[in-house]
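K.L.:
structure_19.tsv is reproduced in full below (TSV, C-alpha atoms).
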chain	number	residue	atom	x	y	z
A	1	MET	CA	98.51	142.34	51.82
A	2	SER	CA	99.91	145.02	49.49
A	3	VAL	CA	100.45	144.36	45.78
A	4	VAL	CA	104.23	144.43	46.28
A	5	GLY	CA	103.91	141.98	49.17
A	6	GLU	CA	101.80	139.60	47.06
A	7	CYS	CA	104.29	139.76	44.19
A	8	LEU	CA	107.20	139.16	46.57
A	9	VAL	CA	105.52	136.14	48.20
A	10	ALA	CA	104.68	134.77	44.74
A	11	PHE	CA	108.27	135.24	43.54
A	12	ILE	CA	109.75	133.49	46.61
A	13	PHE	CA	107.28	130.62	46.24
A	14	GLY	CA	108.05	130.35	42.51
A	15	THR	CA	111.80	130.36	43.18
A	16	VAL	CA	111.54	127.46	45.65
A	17	VAL	CA	109.28	125.57	43.22
A	18	GLY	CA	111.70	126.16	40.33
A	19	LEU	CA	114.64	124.95	42.42
A	20	LEU	CA	112.85	121.82	43.68
A	21	VAL	CA	111.45	120.90	40.27
A	22	GLN	CA	114.87	121.41	38.64
A	23	ARG	CA	116.64	119.27	41.23
A	24	SER	CA	114.00	116.50	41.21
A	25	ARG	CA	113.36	116.45	37.44
A	26	PHE	CA	109.63	116.34	38.19
A	27	CYS	CA	107.52	116.76	35.09
A	28	ASN	CA	103.74	116.86	34.99
A	29	THR	CA	103.76	115.87	31.31
A	30	ALA	CA	105.82	112.79	32.13
A	31	ALA	CA	103.44	111.98	35.01
A	32	LEU	CA	100.70	111.38	32.43
A	33	ARG	CA	102.66	110.48	29.26
A	34	ASP	CA	105.00	107.91	30.90
A	35	ALA	CA	102.12	106.25	32.73
A	36	ILE	CA	100.19	105.91	29.44
A	37	LEU	CA	103.06	105.04	27.08
A	38	PHE	CA	105.75	103.34	29.15
A	39	LYS	CA	103.88	102.21	32.31
A	40	THR	CA	106.42	104.00	34.51
A	41	PHE	CA	105.12	106.04	37.41
A	42	ARG	CA	108.01	108.03	38.97
A	43	ASN	CA	106.31	111.38	38.37
A	44	THR	CA	102.74	110.09	38.72
A	45	LYS	CA	103.40	109.00	42.33
A	46	ALA	CA	104.81	112.43	43.22
A	47	LEU	CA	101.77	114.11	41.66
A	48	LEU	CA	99.39	111.91	43.68
A	49	VAL	CA	101.25	112.54	46.97
A	50	ALA	CA	101.05	116.30	46.40
A	51	MET	CA	97.33	116.06	45.58
A	52	MET	CA	96.66	114.08	48.77
A	53	ILE	CA	98.49	116.64	50.96
A	54	LEU	CA	96.75	119.53	49.20
A	55	THR	CA	93.28	117.98	49.44
A	56	ILE	CA	93.60	117.50	53.19
A	57	GLY	CA	95.20	120.95	53.65
A	58	PHE	CA	92.76	122.92	51.50
A	59	THR	CA	89.59	121.21	52.73
A	60	THR	CA	90.69	121.59	56.38
A	61	PHE	CA	90.98	125.35	55.97
A	62	ILE	CA	87.87	125.55	53.78
A	63	THR	CA	85.96	123.86	56.64
A	64	PHE	CA	86.72	126.92	58.80
A	65	GLY	CA	86.07	129.41	56.01
A	66	ASP	CA	89.76	130.20	55.51
A	67	GLY	CA	91.88	130.27	52.36
A	68	ASN	CA	91.40	131.74	48.90
A	69	PRO	CA	89.73	129.13	46.66
A	70	MET	CA	89.55	129.81	42.92
A	71	HIS	CA	86.16	131.27	42.09
A	72	PHE	CA	84.72	131.02	38.58
A	73	ASP	CA	82.01	129.11	36.76
A	74	VAL	CA	83.01	125.89	35.04
A	75	GLY	CA	81.65	123.93	32.12
A	76	LEU	CA	82.45	122.29	28.81
A	77	ASN	CA	85.32	124.71	28.22
A	78	GLN	CA	87.39	123.04	30.99
A	79	VAL	CA	87.10	119.65	29.27
A	80	VAL	CA	87.84	120.91	25.75
A	81	GLY	CA	90.54	123.37	26.87
A	82	LEU	CA	92.48	120.81	28.89
A	83	PHE	CA	92.01	118.22	26.13
A	84	LEU	CA	93.81	120.58	23.72
A	85	PHE	CA	96.34	121.39	26.43
A	86	GLY	CA	96.97	117.66	27.08
A	87	ILE	CA	97.78	117.03	23.41
A	88	GLY	CA	99.93	120.15	23.31
A	89	MET	CA	102.01	119.34	26.38
A	90	VAL	CA	102.86	115.85	25.10
A	91	LEU	CA	103.84	117.20	21.66
A	92	ALA	CA	105.89	120.03	23.20
A	93	GLY	CA	107.40	117.64	25.78
A	94	ALA	CA	106.72	120.09	28.60
A	95	CYS	CA	103.85	121.62	30.56
A	96	THR	CA	103.55	125.13	31.99
A	97	VAL	CA	105.96	124.38	34.85
A	98	SER	CA	108.59	122.49	32.91
A	99	THR	CA	108.70	125.07	30.11
A	100	TRP	CA	109.83	127.66	32.67
A	101	VAL	CA	112.15	125.24	34.48
A	102	LYS	CA	113.76	123.89	31.30
A	103	THR	CA	114.16	127.42	29.98
A	104	GLY	CA	116.00	128.21	33.22
A	105	GLU	CA	118.36	125.29	32.43
A	106	GLY	CA	119.13	126.74	29.00
A	107	ASN	CA	116.72	124.67	26.92
A	108	ILE	CA	115.89	126.74	23.83
A	109	GLY	CA	113.15	124.31	22.75
A	110	ALA	CA	111.32	125.05	26.03
A	111	LEU	CA	111.73	128.79	25.44
A	112	TRP	CA	110.27	128.30	21.96
A	113	ALA	CA	107.31	126.39	23.49
A	114	LEU	CA	106.76	129.29	25.93
A	115	LEU	CA	106.80	131.80	23.09
A	116	PHE	CA	104.16	129.86	21.19
A	117	THR	CA	102.10	129.38	24.36
A	118	PHE	CA	101.93	133.18	24.53
A	119	ILE	CA	101.01	133.35	20.83
A	120	GLY	CA	98.31	130.68	21.38
A	121	MET	CA	96.89	132.80	24.21
A	122	PHE	CA	96.85	135.89	22.02
A	123	LEU	CA	95.12	134.00	19.20
A	124	PHE	CA	92.50	132.83	21.71
A	125	SER	CA	91.96	136.44	22.83
A	126	LEU	CA	91.06	137.30	19.21
A	127	LEU	CA	88.59	134.40	18.98
A	128	TRP	CA	87.04	135.26	22.38
A	129	SER	CA	86.58	138.86	21.29
A	130	TYR	CA	84.49	137.51	18.39
A	131	ASN	CA	82.29	134.90	20.15
A	132	TYR	CA	82.54	135.92	23.87
A	133	TRP	CA	82.67	132.28	24.99
A	134	PRO	CA	83.27	131.08	27.65
A	135	PRO	CA	81.56	133.89	29.62
A	136	ALA	CA	83.83	136.55	31.12
A	137	PRO	CA	84.27	136.30	34.94
A	138	ALA	CA	82.16	139.46	35.40
A	139	ALA	CA	79.22	137.73	33.62
A	140	MET	CA	79.37	134.59	35.77
A	141	THR	CA	76.50	133.93	38.17
A	142	GLY	CA	77.61	130.75	39.95
A	143	GLU	CA	74.46	129.03	38.69
A	144	PRO	CA	74.16	126.54	35.79
A	145	ASN	CA	73.76	128.25	32.44
A	146	LEU	CA	73.23	125.45	29.96
A	147	GLU	CA	72.82	127.80	27.02
A	148	ALA	CA	76.44	128.85	27.53
A	149	LEU	CA	77.43	125.25	28.38
A	150	GLN	CA	78.24	126.29	31.95
A	151	LEU	CA	77.54	124.23	35.08
A	152	GLY	CA	78.09	127.00	37.63
A	153	TYR	CA	80.34	127.05	40.67
A	154	SER	CA	80.83	124.17	43.09
A	155	ASN	CA	83.64	123.15	45.44
A	156	ALA	CA	84.22	121.78	48.96
A	157	ALA	CA	82.82	125.01	50.48
A	158	THR	CA	79.55	124.81	48.53
A	159	LEU	CA	79.24	121.10	49.43
A	160	GLN	CA	79.63	122.01	53.12
A	161	GLU	CA	77.04	124.76	52.77
A	162	LYS	CA	74.57	122.56	50.88
A	163	TYR	CA	74.78	119.37	52.94
A	164	GLY	CA	75.89	120.71	56.34
A	165	ILE	CA	78.79	118.25	56.36
A	166	PRO	CA	82.28	119.67	57.07
A	167	ALA	CA	84.38	120.08	53.89
A	168	ILE	CA	87.17	118.01	55.43
A	169	VAL	CA	84.90	114.93	55.34
A	170	PHE	CA	84.64	115.25	51.55
A	171	GLY	CA	88.39	115.93	51.49
A	172	ILE	CA	89.13	112.70	53.37
A	173	GLY	CA	86.95	110.82	50.87
A	174	GLN	CA	88.88	112.27	47.92
A	175	THR	CA	92.22	111.55	49.63
A	176	LEU	CA	91.23	107.90	50.11
A	177	VAL	CA	90.45	107.63	46.39
A	178	LEU	CA	93.85	109.14	45.53
A	179	LEU	CA	95.50	106.78	48.04
A	180	ALA	CA	93.80	103.79	46.40
A	181	ILE	CA	95.21	104.89	43.00
A	182	TYR	CA	98.66	105.33	44.60
A	183	ARG	CA	98.52	101.83	46.14
A	184	ALA	CA	97.39	100.35	42.82
A	185	ILE	CA	100.48	101.91	41.17
A	186	LEU	CA	102.73	100.42	43.88
A	187	ARG	CA	101.18	96.98	43.27
A	188	LYS	CA	101.70	97.41	39.52
A	189	GLU	CA	105.36	98.35	40.07
A	190	ARG	CA	105.90	95.32	42.33
A	191	SER	CA	104.40	92.99	39.72
A	192	GLN	CA	106.56	94.63	37.02
A	193	SER	CA	109.75	94.15	39.07
A	194	GLN	CA	108.81	90.52	39.86
A	195	GLY	CA	108.23	89.98	36.13
A	196	ASP	CA	111.66	91.45	35.41
A	197	VAL	CA	113.31	89.13	37.97
A	198	SER	CA	111.60	86.00	36.63
A	199	ASN	CA	112.55	86.95	33.04
A	200	SER	CA	116.22	87.48	33.93
B	1	MET	CA	126.70	120.66	48.50
B	2	GLU	CA	124.92	117.30	48.31
B	3	PHE	CA	121.61	118.92	47.25
B	4	PHE	CA	123.19	120.10	43.99
B	5	ARG	CA	125.00	116.83	43.25
B	6	LYS	CA	122.20	114.27	43.54
B	7	THR	CA	118.75	114.15	41.96
B	8	LEU	CA	116.07	114.82	44.55
B	9	ASP	CA	113.26	112.28	44.97
B	10	PRO	CA	110.25	113.93	43.21
B	11	VAL	CA	107.92	112.67	45.96
B	12	ILE	CA	109.90	114.71	48.52
B	13	ALA	CA	110.07	117.72	46.21
B	14	LEU	CA	106.33	117.68	45.51
B	15	ALA	CA	105.46	117.10	49.19
B	16	ILE	CA	107.45	120.26	50.12
B	17	ILE	CA	105.80	122.21	47.27
B	18	ALA	CA	102.36	121.00	48.43
B	19	VAL	CA	102.94	122.25	51.99
B	20	LEU	CA	104.13	125.63	50.66
B	21	ASP	CA	101.13	125.73	48.32
B	22	ILE	CA	98.83	125.43	51.35
B	23	PHE	CA	100.47	128.57	52.77
B	24	MET	CA	99.99	130.26	49.40
B	25	PHE	CA	96.32	129.22	49.46
B	26	LEU	CA	95.95	130.93	52.83
B	27	ILE	CA	97.83	134.09	51.90
B	28	ILE	CA	96.86	134.90	48.29
B	29	GLY	CA	95.69	131.81	46.40
B	30	ALA	CA	96.82	128.38	45.25
B	31	TRP	CA	99.73	127.81	42.84
B	32	THR	CA	98.81	128.58	39.25
B	33	VAL	CA	100.78	129.37	36.11
B	34	GLY	CA	98.43	130.08	33.17
B	35	GLY	CA	97.07	133.35	34.60
B	36	GLY	CA	100.55	134.83	34.92
B	37	GLU	CA	101.44	133.77	31.39
B	38	THR	CA	98.23	135.35	30.06
B	39	MET	CA	99.04	138.61	31.82
B	40	MET	CA	102.56	138.53	30.35
B	41	THR	CA	100.99	138.02	26.91
B	42	GLY	CA	98.74	141.03	27.52
B	43	LEU	CA	101.65	143.19	28.67
B	44	ALA	CA	103.75	142.15	25.67
B	45	ALA	CA	100.83	142.84	23.32
B	46	GLN	CA	100.30	146.24	24.96
B	47	ALA	CA	103.99	147.06	24.51
B	48	VAL	CA	103.73	146.24	20.80
B	49	LEU	CA	100.22	147.49	19.98
B	50	GLY	CA	99.82	150.33	22.52
B	51	ASP	CA	96.25	151.69	22.77
B	52	GLU	CA	95.24	149.57	19.75
B	53	LEU	CA	95.01	146.62	22.19
B	54	GLU	CA	91.77	148.11	23.58
B	55	ARG	CA	90.13	147.20	20.28
B	56	ILE	CA	90.35	143.55	21.39
B	57	PRO	CA	87.67	143.25	24.11
B	58	PHE	CA	89.34	140.25	25.78
B	59	TRP	CA	92.06	142.55	27.10
B	60	THR	CA	89.57	144.90	28.77
B	61	LEU	CA	86.83	142.46	29.86
B	62	VAL	CA	88.84	139.40	30.93
B	63	PHE	CA	92.51	140.27	31.39
B	64	GLU	CA	93.38	143.94	31.65
B	65	PRO	CA	97.18	144.14	31.43
B	66	ASP	CA	98.60	144.80	34.91
B	67	ALA	CA	102.26	144.37	35.86
B	68	GLY	CA	101.23	144.10	39.54
B	69	TYR	CA	99.44	140.79	38.98
B	70	TRP	CA	101.04	138.40	41.49
B	71	LYS	CA	100.75	135.28	39.33
B	72	ILE	CA	103.34	136.70	36.90
B	73	TYR	CA	105.94	136.51	39.65
B	74	ILE	CA	105.37	132.81	40.35
B	75	SER	CA	106.46	132.09	36.76
B	76	LEU	CA	109.42	134.46	36.94
B	77	GLY	CA	110.38	132.87	40.28
B	78	MET	CA	110.28	129.38	38.73
B	79	LEU	CA	112.57	130.56	35.94
B	80	PHE	CA	114.97	132.12	38.44
B	81	GLY	CA	114.91	129.13	40.84
B	82	ALA	CA	115.54	126.67	38.00
B	83	PHE	CA	118.39	128.84	36.67
B	84	VAL	CA	120.05	128.97	40.11
B	85	GLY	CA	119.58	125.20	40.55
B	86	ALA	CA	121.00	124.46	37.11
B	87	VAL	CA	124.02	126.75	37.53
B	88	LEU	CA	124.90	125.48	41.04
B	89	SER	CA	124.56	121.85	39.93
B	90	LYS	CA	126.57	122.57	36.75
B	91	GLU	CA	123.60	121.54	34.60
B	92	PHE	CA	123.14	124.83	32.78
B	93	TYR	CA	124.02	124.74	29.12
B	94	LEU	CA	122.26	125.75	25.93
B	95	ARG	CA	120.33	122.91	24.32
B	96	PHE	CA	118.65	123.21	20.94
B	97	PRO	CA	116.13	120.85	19.32
B	98	ARG	CA	118.17	118.96	16.71
B	99	HIS	CA	115.57	118.17	14.06
B	100	LEU	CA	113.07	120.31	12.18
B	101	SER	CA	110.33	117.89	13.25
B	102	GLU	CA	111.05	118.73	16.93
B	103	TRP	CA	110.70	122.46	16.23
B	104	VAL	CA	107.38	121.79	14.47
B	105	LEU	CA	106.05	119.62	17.32
B	106	ILE	CA	107.08	122.18	19.95
B	107	THR	CA	105.45	124.98	17.95
B	108	ILE	CA	102.15	123.10	17.58
B	109	GLY	CA	102.33	121.95	21.22
B	110	GLY	CA	102.94	125.48	22.48
B	111	LEU	CA	100.04	126.91	20.46
B	112	LEU	CA	97.68	124.20	21.73
B	113	MET	CA	98.78	124.78	25.33
B	114	GLY	CA	98.24	128.53	25.12
B	115	PHE	CA	94.87	128.21	23.39
B	116	GLY	CA	93.75	125.44	25.77
B	117	ILE	CA	94.72	127.33	28.92
B	118	ARG	CA	92.66	130.36	27.97
B	119	LEU	CA	89.69	128.33	26.80
B	120	ALA	CA	89.64	126.42	30.10
B	121	PHE	CA	90.67	129.35	32.40
B	122	VAL	CA	93.13	126.86	33.95
B	123	CYS	CA	96.37	125.05	33.18
B	124	ASN	CA	97.67	121.69	34.42
B	125	VAL	CA	98.98	123.29	37.64
B	126	SER	CA	95.63	124.81	38.59
B	127	THR	CA	93.97	121.51	37.68
B	128	PHE	CA	96.13	119.25	39.85
B	129	PHE	CA	97.36	121.65	42.55
B	130	GLY	CA	94.42	124.05	42.91
B	131	LEU	CA	90.97	123.18	41.59
B	132	THR	CA	90.92	119.43	42.29
B	133	PRO	CA	92.26	119.65	45.87
B	134	GLU	CA	89.63	122.37	46.47
B	135	MET	CA	87.14	119.78	45.14
B	136	ASN	CA	86.00	122.25	42.49
B	137	LEU	CA	83.84	120.64	39.80
B	138	GLY	CA	86.10	122.32	37.23
B	139	GLY	CA	89.03	120.23	38.50
B	140	TYR	CA	87.27	116.97	37.63
B	141	LEU	CA	86.21	118.30	34.23
B	142	ALA	CA	89.76	119.50	33.56
B	143	ILE	CA	91.33	116.18	34.69
B	144	SER	CA	89.07	114.22	32.35
B	145	GLY	CA	90.09	116.57	29.52
B	146	ILE	CA	93.83	116.50	30.21
B	147	ILE	CA	93.97	112.69	30.57
B	148	ALA	CA	92.10	112.26	27.27
B	149	GLY	CA	94.36	114.86	25.65
B	150	ALA	CA	97.55	113.28	27.03
B	151	TRP	CA	96.35	109.90	25.74
B	152	VAL	CA	95.71	111.27	22.22
B	153	GLY	CA	99.00	113.21	22.37
B	154	SER	CA	100.83	110.03	23.46
B	155	LEU	CA	99.39	108.09	20.52
B	156	ILE	CA	100.57	110.80	18.12
B	157	TYR	CA	103.97	110.90	19.87
B	158	LYS	CA	104.26	107.09	19.63
B	159	LYS	CA	103.47	107.15	15.91
B	160	ILE	CA	106.17	109.78	15.40
B	161	LEU	CA	108.69	107.77	17.47
B	162	GLU	CA	107.94	104.64	15.42
B	163	ALA	CA	108.30	106.58	12.18
Take the structure in the file and write it out as structure tokens.
P.N.:
Amino acid sequence: MSVVGECLVAFIFGTVVGLLVQRSRFCNTAALRDAILFKTFRNTKALLVAMMILTIGFTTFITFGDGNPMHFDVGLNQVVGLFLFGIGMVLAGACTVSTWVKTGEGNIGALWALLFTFIGMFLFSLLWSYNYWPPAPAAMTGEPNLEALQLGYSNAATLQEKYGIPAIVFGIGQTLVLLAIYRAILRKERSQSQGDVSNS
Amino acid sequence: MEFFRKTLDPVIALAIIAVLDIFMFLIIGAWTVGGGETMMTGLAAQAVLGDELERIPFWTLVFEPDAGYWKIYISLGMLFGAFVGAVLSKEFYLRFPRHLSEWVLITIGGLLMGFGIRLAFVCNVSTFFGLTPEMNLGGYLAISGIIAGAWVGSLIYKKILEA
């Protein structure tokens, strides 16, 4: 596909996502924060449903060698980076999606968060240019590199290749785990509503 | 139109997005946001610094500014889609954080998000809607990080609410 075609597809996809997220008030930050702080799971359930559909969809196509999985080495930087991100999104009250969506609704606080996300990225680029960690994509080998705190590259496709078991089998296993979490949330909500009724 | 009068069930919204994301995965790649934002940062820095930007190796070795990078347009699409949704549902109006403390929290939060995304190579979207469904090891590492971070952030947020 041409560059213009890719950008057009991405823009159409983004537009539909922006519309649906705006109309549903879905928020990834709330999916984690509300579950932790307030024991409410409106957004968490939506997140889990999406992850179940995606796991089955992606691993089905990966089984047949189709699709475009993300390809880069992973390691300690994913844990530390998302830890910082997790704190940041709760403090800012928005994640990467909701900053764009709330900005589209006229929320100046979200626009401010976006601006400082960009500044945070630029500050990181200065630090990276000093210590060159984590390794640049061109320097990645796919193999563990413990000196650089990297564990290499592994996903459903590499599992299929290594064990000779179709990727979809692993995908079904992951989906069942997500389903068990979803059902546990439903049970929790039922017990909460029964508690509310008996208290009233 | 009913769609613009009532709040949509987020489960339905996310199920539709997930199906579309599978098509994206087949055509160009799964939904992601941080990469597009990084490229926008690079383009903005290039506009301000010009050739001086080449003195920062990150912008030649990791993210060379390129306006044709498709991930930029997912973010711009989300902004446009949300704007259209807000206008048609009469929910568009300018909102400003009311207290200085909110501005400070948003500033710190934004900086941490930007720094964290680049350190991890992924954002929350890639974590939940890309890496983990692909069963990438990075997805599990990122989920453990973001849950721990959200927990710490929630404790800080709770302290501030109580204060």
K.L.:
Could you tell me which of B:Gly109, B:Pro10, B:Gly77, B:Gly114 comes closest to B:Glu37 if we count only C-alpha atoms?
P.N.:
B:Gly114
K.L.:
Within 12 Å of (96.8, 134.2, 46.1) (coordinates as in the file), grab all the protein and nucleic acid residues, counting all atoms listed in the file, and write them out as an MDAnalysis selection string.
P.N.:
(chainID A and resid 1:3 5:11 13 67:71) or (chainID B and resid 21:33 35:36 69:74 130)
K.L.:
Return as lines of an AutoDock Vina configuration file the box centre and box size in Å, one decimal, for an axis-aligned box around all listed atoms of stretch 158-171 of chain A padded by 4 Å per side.
P.N.:
center_x = 81.5
center_y = 119.9
center_z = 52.8
size_x = 21.8
size_y = 17.9
size_z = 16.5
K.L.:
For B:Ala18, please output as a compact mmCIF listing (two decimals) with C-alpha atoms, keeping the file's coordinate frame all residues within 12 Å (counting all atoms listed in the file; exclusion window: fewer than 5 positions along the same chain).
P.N.:
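What follows is the written file out-v4.txt:
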# COMPACT_ATOMS: atom_id res chain seq x y z
CA PHE A 13 107.28 130.62 46.24
CA VAL A 16 111.54 127.46 45.65
CA VAL A 17 109.28 125.57 43.22
CA LEU A 20 112.85 121.82 43.68
CA ALA A 46 104.81 112.43 43.22
CA LEU A 47 101.77 114.11 41.66
CA LEU A 48 99.39 111.91 43.68
CA VAL A 49 101.25 112.54 46.97
CA ALA A 50 101.05 116.30 46.40
CA MET A 51 97.33 116.06 45.58
CA MET A 52 96.66 114.08 48.77
CA ILE A 53 98.49 116.64 50.96
CA LEU A 54 96.75 119.53 49.20
CA THR A 55 93.28 117.98 49.44
CA ILE A 56 93.60 117.50 53.19
CA GLY A 57 95.20 120.95 53.65
CA PHE A 58 92.76 122.92 51.50
CA PRO B 10 110.25 113.93 43.21
CA VAL B 11 107.92 112.67 45.96
CA ILE B 12 109.90 114.71 48.52
CA ALA B 13 110.07 117.72 46.21
CA PHE B 23 100.47 128.57 52.77
CA MET B 24 99.99 130.26 49.40
CA PHE B 25 96.32 129.22 49.46
CA ALA B 30 96.82 128.38 45.25
CA TRP B 31 99.73 127.81 42.84
CA VAL B 125 98.98 123.29 37.64
CA PHE B 128 96.13 119.25 39.85
CA PHE B 129 97.36 121.65 42.55
CA GLY B 130 94.42 124.05 42.91
CA PRO B 133 92.26 119.65 45.87
K.L.:
Tell me which of B:Arg95, B:Glu52, B:Tyr140, B:Ser126 sits closest to chain A, counting only C-alpha atoms.
P.N.:
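Among the listed residues, B:Arg95 lies closest to chain A.
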K.L.:
Please list as a ChimeraX atom specification every residue within 10 Å of B:Ser144, counting all atoms listed in the file and excluding residues in the same chain fewer than 3 positions away.
P.N.:
/A:78-80,82-83 /B:138-141,147-149
K.L.:
Show me which bits of chain A are within 6 Å of chain B, counting only C-alpha atoms, as a PyMOL selection string.
P.N.:
chain A and resi 6-7+10-11+14-15+17-20+22-24+26+46+50+54-55+58+67-68+74+77-79+81-92+100-101+104-109+113+116-118+120-121+124-125+129+136+154-156
K.L.:
In Å, rounded to a single decimal, give me how far atom CA of A:Phe61 is from atom CA of A:Asn43.
P.N.:
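It comes out at 27.2 Å.
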K.L.:
For atom CA of B:Glu54 and atom CA of A:Leu115, determine how far apart the two atoms are, in Å to one decimal place.
P.N.:
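Taking atom CA of B:Glu54 and atom CA of A:Leu115, their separation equals 22.2 Å.
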K.L.:
Which is closest to A:Trp133 among A:Leu149, A:Leu32, A:Ile165, A:Ile119, if we use only C-alpha atoms?
P.N.:
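Looking at the shortest contact to A:Trp133, the residue is A:Leu149.
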K.L.:
Atom CA of A:Ala94 to atom CA of A:Leu114: how many Å, to one decimal?
P.N.:
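Rounded to one decimal, the two atoms are 9.6 Å apart.
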K.L.:
Applying 12 Å and all atoms listed in the file, which residues near A:Ile185 remain after dropping the ones on its own chain fewer than 2 positions away? List them as a ChimeraX atom specification.
P.N.:
/A:35,39-46,48,178-183,187-192
K.L.:
Between A:Trp112, A:Phe72, A:Tyr163, A:Phe38, which one has atoms that come closest to A:Pro134, using only C-alpha atoms?
P.N.:
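Looking at the shortest contact to A:Pro134, the residue is A:Phe72.
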